[in-house]
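So the structure is just underneath, and the comments pick up after that.
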Amino acid sequence: MFFDHLVLGATGEFLNTGDILATLVIFILLMLLLKKFAWGPLMGVMQQREDLIASEIETAENSRQESQKLLEEQRSLLKEARTQAQEIVETAKKQGEVSRQDIIATARTEASRMKDSAVQEIANEREKAVAAVREEVVALSMLAASKVLNKEISEEDNRQLINETIAKAGDIQ
Amino acid sequence: MEHGAPMREFLGMSFNLSNIMMLLVAALIVFLIAFISTRNLKLKPTGMQNFMEWVMDFVKGLIKSNMDWRDGGRFHVLGITLIMFIFVSNMLGLPFAIVVNGDLWWKSPTADPTVTMTLAATVIILSHYYGIRLKGLGQYSAGYLKPMPFLFPLKIIEEFANTLTLGLRLYGNIYAGEILLTLLAGLASASAFGFVAAILPMMAWQGFSIFIGAIQAFIFVMLTMVYLSHKVADDH
């Protein structure tokens, strides 16, 4: 063969047809066996991983959008709640103002009413006291007069007269 | 230095038993490595699975740099098997050579031109086969007239040159490596002084041969994909 002088351990053969055949058979057999037992499963796993990663990325994207949506929703809810709270505070303030006015007005009327009744009371008492004093004065005057005159005068007869005198004295005073 | 080969005649064909044994050993080693490392595959790869996946991605990258994956995906298995097989074959002859009764038994199978030329011819024939199958006979034939019709003779020569260089490059590199290793081994076994003198160059050359073996396996697969893409891809 034309490669003869190149081979480690040269032979006189024209062509190593047997070697060629063996090389082919062994290599092709190895390739088929590896495809069945090694490369096939390995490629399957790598493909599976590729799919898994793709689907994971998709899922992540989806959940990101989902959470974005939720966030938006929460934000608008919060805004709404805030406005509502504002409104409530406002209303309460207004309400408070109204009831304050109310209470003040009520208190004022109550106070004036009480003052009036107190004044009335005082006047009455004074009236009563004056009447009592007057009575007393009449009785004392009569006693004094009777003692001065030393003479019994009819209480009934003179009462009218004395009362008039005292009234006149009060007026002059 | 001059070793014989254990030749046997069988069914009118001559077999170099050393070649056959070494091819089987290489095939067995490749198969075992691949088989064991792809047991209990996981989505989260560990250990050897990582390594095998790296090899797959490496070959995938080689194919993708030459042609569209749509066309080239079918050559993935071929590429991985080739690169593993050639690399292991290149490594086999490095640690030792075994000579029995003057016949060389243990060597790299790729240190024999018959083996490498067979692989090269297989690749080139495959490229023609896929060229015709994927692009049709018309387009395939038209490829010989591109870019200029007068280049047709060169195109024909190119096919043979491709085959020859693809096979002989691999063979030459490995064969040369083994020749030098044999020489150094001869020096080491000659005398005590020779042994001491041979240690350093032996280590250097073995390290270099590992590098050469890996590079040659890579180049073989790379060129395989280049030749396939010339015939298969549309944009070349």
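Each chain of the structure tokens is named A, B, ... in the order shown, its residues numbered from 1; ligands are numbered from 1 in display order.
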
Identify every residue of chain A that has at least one atom within 6 Å of any atom of chain B, counting only C-alpha atoms, and report the result as JSON, numbers by chain.
{"A": [7, 9, 16, 17, 18, 19, 20, 31, 38, 49]}

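Each of B:Leu228, B:Met84, B:Ile212, B:Tyr130 was compared to Ala176 in chain B using only C-alpha atoms, and B:Ile212 turns out to be the nearest.
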
Show which residues sit within 12 Å of Ala131 in chain A, as an MDAnalysis selection string. Count only C-alpha atoms, and ignore same-chain residues fewer than 5 positions away.
chainID A and resid 124:126 136:138 163 166:167

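If you look at CA of Leu180 in chain B and CA of Trp205 in chain B, they are 8.1 Å away from each other.
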